[in-house]
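Contents: one structure, followed by commentary.
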Amino acid sequence: MINVCLCDDDGLFLEVCSGIIEQIGAETELELNIQKFFNGESLLFELEDKVNSFDIIIMDMIMREFNGIETAKQLREYGFSGEIIFLSSSKEYAIDSFEVEPLNYVLKDENYQVKLKEVLMKAISLIEKKNAKKLILYTKKKRIVMELSEILYIECINKTLFLYKDDGGVEEYISTLGSIEEKIREHGFIRCHKSYIVNAEYIETFTKSECKLRKNISIPIGRKYASIFKEDLIQYEFDHIVI
């Protein structure tokens, strides 16, 4: 799923943009979730504690109170790392917008729908490339986004997954180890036990019964998984040889 935010004080314009996004979703078979805001203040309030809830923000440049640039500046200060697309009926603010590194600045002229669709397709492509290196999990309360490279290993206890990070943090997620294995296997994660998956990048040594990760972490290797674990690790190391 790609989360798209529309922020414009013109209700009719919001509906037109929603239609363009829905059309893209139908044509590409992508799940595009749309959320609308009528001003910058409500958007900032919504994202203050969960700034990267959206992947793409499409925002009108000229709005009452907080204009597009002021809103985008605050979002970047919060830590928003997604794509920003500005819409405006004037070229006046185009150069000023560079400060917040937008993906594009689309003029609201007679051809803006075609242009906006092109820019959105580019934004979606960029987000998909970013997400290929991330693990995104959804719970009832929040969206968990983790760089795959920061995950040391994953442990499953009673259908609760514990994702241990290299900075000492831990994320919890209700699921099975098998379902998450399907998502991350091709990115260097190896099943070594009925309850564990390890990130091959962090493996230092291993025996028939355990593997040692950096930071002196020991993870058991189940008898059932020993031979497959060894084969997968050898293949991983072969794929990452630099010649």
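Every chain in the structure tokens has a letter given in the order shown (A, B, ...), and although residue numbers restart at 1 in each chain, ligands are simply numbered from 1 in the order shown.
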
* Please provide as a list of chain:residue names all residues within 10 Å of A:Tyr105, with the sequence filter that same-chain residues fewer than 5 positions apart are discarded (counting only C-alpha atoms). => A:Ile58, A:Met59, A:Asp60, A:Met61, A:Ile84, A:Ile85, A:Phe86, A:Leu87, A:Ser88, A:Lys91, A:Tyr93, A:Ala94, A:Ile95, A:Ser97, A:Phe98, A:Lys115, A:Leu116, A:Val119

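Checking A:Glu22, A:Asp109, A:Glu237, A:Glu46 one by one against A:Cys7, counting only C-alpha atoms, you find the shortest gap at A:Glu46.
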
* **Polymer residues at most 8 Å from A:Leu44, only C-alpha atoms, same-chain spacing of 3 or more positions, as a PyMOL selection string** => chain A and resi 40-41+47-48+71+74-75

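For the atom pair formed by atom CA of A:Leu12 and atom CA of A:Ile62, the distance is 15.4 Å, given to one decimal.
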
* Out of A:Arg185, A:Lys73, A:His193, A:Arg143, which residue has the shortest atom-to-atom distance to A:Glu172 when counting only C-alpha atoms? -> A:Arg143

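Considering the residues A:Glu101, A:Glu201, A:Asp166, A:Glu31 and counting only C-alpha atoms, A:Ile124 has its shortest atom-to-atom contact with A:Glu31.
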
* In stretch 22-165 of chain A, what's helix (DSSP H, G or I) per DSSP? Answer as a ChimeraX atom specification? -> /A:22-28,40-47,51-53,68-78,96-100,112-131,148-150

Which residues are close to A:Glu83, i.e. within 12 Å by only C-alpha atoms, leaving aside same-chain residues fewer than 3 positions away? Reply as a PDB file with N, CA and C atoms, in the first residue's frame.
```
ATOM      1  N   ILE A   2       0.469   2.232  -0.806  1.00  0.00           N
ATOM      2  CA  ILE A   2       1.137   3.530  -0.823  1.00  0.00           C
ATOM      3  C   ILE A   2       0.143   4.569  -0.324  1.00  0.00           C
ATOM      4  N   ASN A   3       0.529   5.307   0.703  1.00  0.00           N
ATOM      5  CA  ASN A   3      -0.351   6.298   1.318  1.00  0.00           C
ATOM      6  C   ASN A   3      -0.117   7.675   0.713  1.00  0.00           C
ATOM      7  N   VAL A   4      -1.185   8.246   0.181  1.00  0.00           N
ATOM      8  CA  VAL A   4      -1.108   9.538  -0.502  1.00  0.00           C
ATOM      9  C   VAL A   4      -1.946  10.570   0.248  1.00  0.00           C
ATOM     10  N   CYS A   5      -1.372  11.725   0.483  1.00  0.00           N
ATOM     11  CA  CYS A   5      -2.072  12.821   1.157  1.00  0.00           C
ATOM     12  C   CYS A   5      -2.371  13.927   0.153  1.00  0.00           C
ATOM     13  N   ASN A  52       5.859  10.227   9.104  1.00  0.00           N
ATOM     14  CA  ASN A  52       5.999   9.495   7.838  1.00  0.00           C
ATOM     15  C   ASN A  52       4.844   8.530   7.577  1.00  0.00           C
ATOM     16  N   SER A  53       3.645   8.934   8.009  1.00  0.00           N
ATOM     17  CA  SER A  53       2.452   8.139   7.728  1.00  0.00           C
ATOM     18  C   SER A  53       2.120   8.138   6.236  1.00  0.00           C
ATOM     19  N   PHE A  54       2.536   9.197   5.541  1.00  0.00           N
ATOM     20  CA  PHE A  54       2.273   9.287   4.102  1.00  0.00           C
ATOM     21  C   PHE A  54       3.566   9.099   3.313  1.00  0.00           C
ATOM     22  N   ASP A  55       3.412   8.481   2.148  1.00  0.00           N
ATOM     23  CA  ASP A  55       4.549   8.316   1.239  1.00  0.00           C
ATOM     24  C   ASP A  55       4.656   9.506   0.292  1.00  0.00           C
ATOM     25  N   ILE A  56       3.500  10.027  -0.093  1.00  0.00           N
ATOM     26  CA  ILE A  56       3.438  11.138  -1.044  1.00  0.00           C
ATOM     27  C   ILE A  56       2.474  12.196  -0.513  1.00  0.00           C
ATOM     28  N   ILE A  57       2.896  13.452  -0.545  1.00  0.00           N
ATOM     29  CA  ILE A  57       2.010  14.557  -0.169  1.00  0.00           C
ATOM     30  C   ILE A  57       1.861  15.491  -1.373  1.00  0.00           C
ATOM     31  N   ILE A  58       0.624  15.673  -1.821  1.00  0.00           N
ATOM     32  CA  ILE A  58       0.316  16.589  -2.918  1.00  0.00           C
ATOM     33  C   ILE A  58      -0.355  17.802  -2.284  1.00  0.00           C
ATOM     34  N   MET A  59       0.255  18.951  -2.419  1.00  0.00           N
ATOM     35  CA  MET A  59      -0.177  20.098  -1.635  1.00  0.00           C
ATOM     36  C   MET A  59      -0.306  21.362  -2.485  1.00  0.00           C
ATOM     37  N   ALA A  72       5.300  22.568   4.253  1.00  0.00           N
ATOM     38  CA  ALA A  72       6.342  21.610   3.864  1.00  0.00           C
ATOM     39  C   ALA A  72       7.607  21.790   4.693  1.00  0.00           C
ATOM     40  N   LEU A  75       7.042  20.138   7.965  1.00  0.00           N
ATOM     41  CA  LEU A  75       7.053  18.683   7.802  1.00  0.00           C
ATOM     42  C   LEU A  75       8.483  18.157   7.680  1.00  0.00           C
ATOM     43  N   ARG A  76       9.312  18.853   6.923  1.00  0.00           N
ATOM     44  CA  ARG A  76      10.712  18.433   6.797  1.00  0.00           C
ATOM     45  C   ARG A  76      11.431  18.543   8.148  1.00  0.00           C
ATOM     46  N   PHE A  80       9.846  14.445   7.840  1.00  0.00           N
ATOM     47  CA  PHE A  80       9.169  13.801   6.709  1.00  0.00           C
ATOM     48  C   PHE A  80      10.160  13.523   5.589  1.00  0.00           C
ATOM     49  N   PHE A  86       4.036  19.939  -5.292  1.00  0.00           N
ATOM     50  CA  PHE A  86       3.298  21.187  -5.119  1.00  0.00           C
ATOM     51  C   PHE A  86       2.380  21.434  -6.308  1.00  0.00           C
ATOM     52  N   VAL A 100      12.534  22.984   0.101  1.00  0.00           N
ATOM     53  CA  VAL A 100      12.006  21.790   0.769  1.00  0.00           C
ATOM     54  C   VAL A 100      12.097  20.541  -0.113  1.00  0.00           C
ATOM     55  N   GLU A 101      12.860  20.639  -1.191  1.00  0.00           N
ATOM     56  CA  GLU A 101      13.149  19.511  -2.077  1.00  0.00           C
ATOM     57  C   GLU A 101      11.896  18.769  -2.557  1.00  0.00           C
ATOM     58  N   PRO A 102      10.995  19.491  -3.243  1.00  0.00           N
ATOM     59  CA  PRO A 102       9.817  18.801  -3.786  1.00  0.00           C
ATOM     60  C   PRO A 102      10.198  17.965  -5.002  1.00  0.00           C
ATOM     61  N   LEU A 103       9.379  16.980  -5.285  1.00  0.00           N
ATOM     62  CA  LEU A 103       9.605  16.185  -6.494  1.00  0.00           C
ATOM     63  C   LEU A 103       9.269  17.019  -7.736  1.00  0.00           C
ATOM     64  N   ASN A 104       8.219  17.827  -7.624  1.00  0.00           N
ATOM     65  CA  ASN A 104       7.826  18.642  -8.775  1.00  0.00           C
ATOM     66  C   ASN A 104       6.897  19.776  -8.348  1.00  0.00           C
ATOM     67  N   TYR A 105       6.732  20.721  -9.248  1.00  0.00           N
ATOM     68  CA  TYR A 105       5.876  21.889  -9.041  1.00  0.00           C
ATOM     69  C   TYR A 105       4.952  21.929 -10.244  1.00  0.00           C
ATOM     70  N   VAL A 119       3.710  12.993 -12.959  1.00  0.00           N
ATOM     71  CA  VAL A 119       4.527  13.207 -11.764  1.00  0.00           C
ATOM     72  C   VAL A 119       4.200  12.171 -10.698  1.00  0.00           C
ATOM     73  N   LEU A 120       2.921  11.853 -10.559  1.00  0.00           N
ATOM     74  CA  LEU A 120       2.511  10.844  -9.579  1.00  0.00           C
ATOM     75  C   LEU A 120       3.095   9.481  -9.901  1.00  0.00           C
ATOM     76  N   MET A 121       3.105   9.113 -11.171  1.00  0.00           N
ATOM     77  CA  MET A 121       3.683   7.829 -11.586  1.00  0.00           C
ATOM     78  C   MET A 121       5.170   7.775 -11.234  1.00  0.00           C
ATOM     79  N   LYS A 122       5.854   8.899 -11.424  1.00  0.00           N
ATOM     80  CA  LYS A 122       7.276   8.966 -11.059  1.00  0.00           C
ATOM     81  C   LYS A 122       7.444   8.821  -9.547  1.00  0.00           C
ATOM     82  N   ALA A 123       6.582   9.511  -8.781  1.00  0.00           N
ATOM     83  CA  ALA A 123       6.658   9.426  -7.319  1.00  0.00           C
ATOM     84  C   ALA A 123       6.413   8.004  -6.834  1.00  0.00           C
ATOM     85  N   ILE A 124       5.432   7.332  -7.410  1.00  0.00           N
ATOM     86  CA  ILE A 124       5.115   5.954  -7.024  1.00  0.00           C
ATOM     87  C   ILE A 124       6.291   5.034  -7.313  1.00  0.00           C
ATOM     88  N   SER A 125       6.933   5.243  -8.469  1.00  0.00           N
ATOM     89  CA  SER A 125       8.108   4.443  -8.832  1.00  0.00           C
ATOM     90  C   SER A 125       9.227   4.625  -7.816  1.00  0.00           C
ATOM     91  N   LEU A 126       9.456   5.871  -7.395  1.00  0.00           N
ATOM     92  CA  LEU A 126      10.501   6.157  -6.399  1.00  0.00           C
ATOM     93  C   LEU A 126      10.169   5.512  -5.058  1.00  0.00           C
ATOM     94  N   ILE A 127       8.897   5.587  -4.652  1.00  0.00           N
ATOM     95  CA  ILE A 127       8.476   5.007  -3.383  1.00  0.00           C
ATOM     96  C   ILE A 127       8.630   3.492  -3.411  1.00  0.00           C
ATOM     97  N   GLU A 128       8.282   2.861  -4.526  1.00  0.00           N
ATOM     98  CA  GLU A 128       8.411   1.402  -4.631  1.00  0.00           C
ATOM     99  C   GLU A 128       9.865   0.971  -4.501  1.00  0.00           C
ATOM    100  N   LYS A 130      12.220   2.615  -2.849  1.00  0.00           N
ATOM    101  CA  LYS A 130      12.570   2.801  -1.446  1.00  0.00           C
ATOM    102  C   LYS A 130      12.015   1.662  -0.603  1.00  0.00           C
TER     103      LYS A 130
END
```

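Proximity to A:Ile144 was assessed for A:Glu15, A:Glu171, A:Asp239, A:Glu118 counting only C-alpha atoms; the smallest distance is recorded for A:Glu171.
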
* To do: Give the strand (DSSP E or B) residues of stretch 47-210 of chain A, as DSSP finds them on the backbone, and put them as a ChimeraX atom specification.
  => /A:56-60,83-88,104-107,134-138,143-147,151-157,160-165,170-174,189-193,196-199,203-206,210
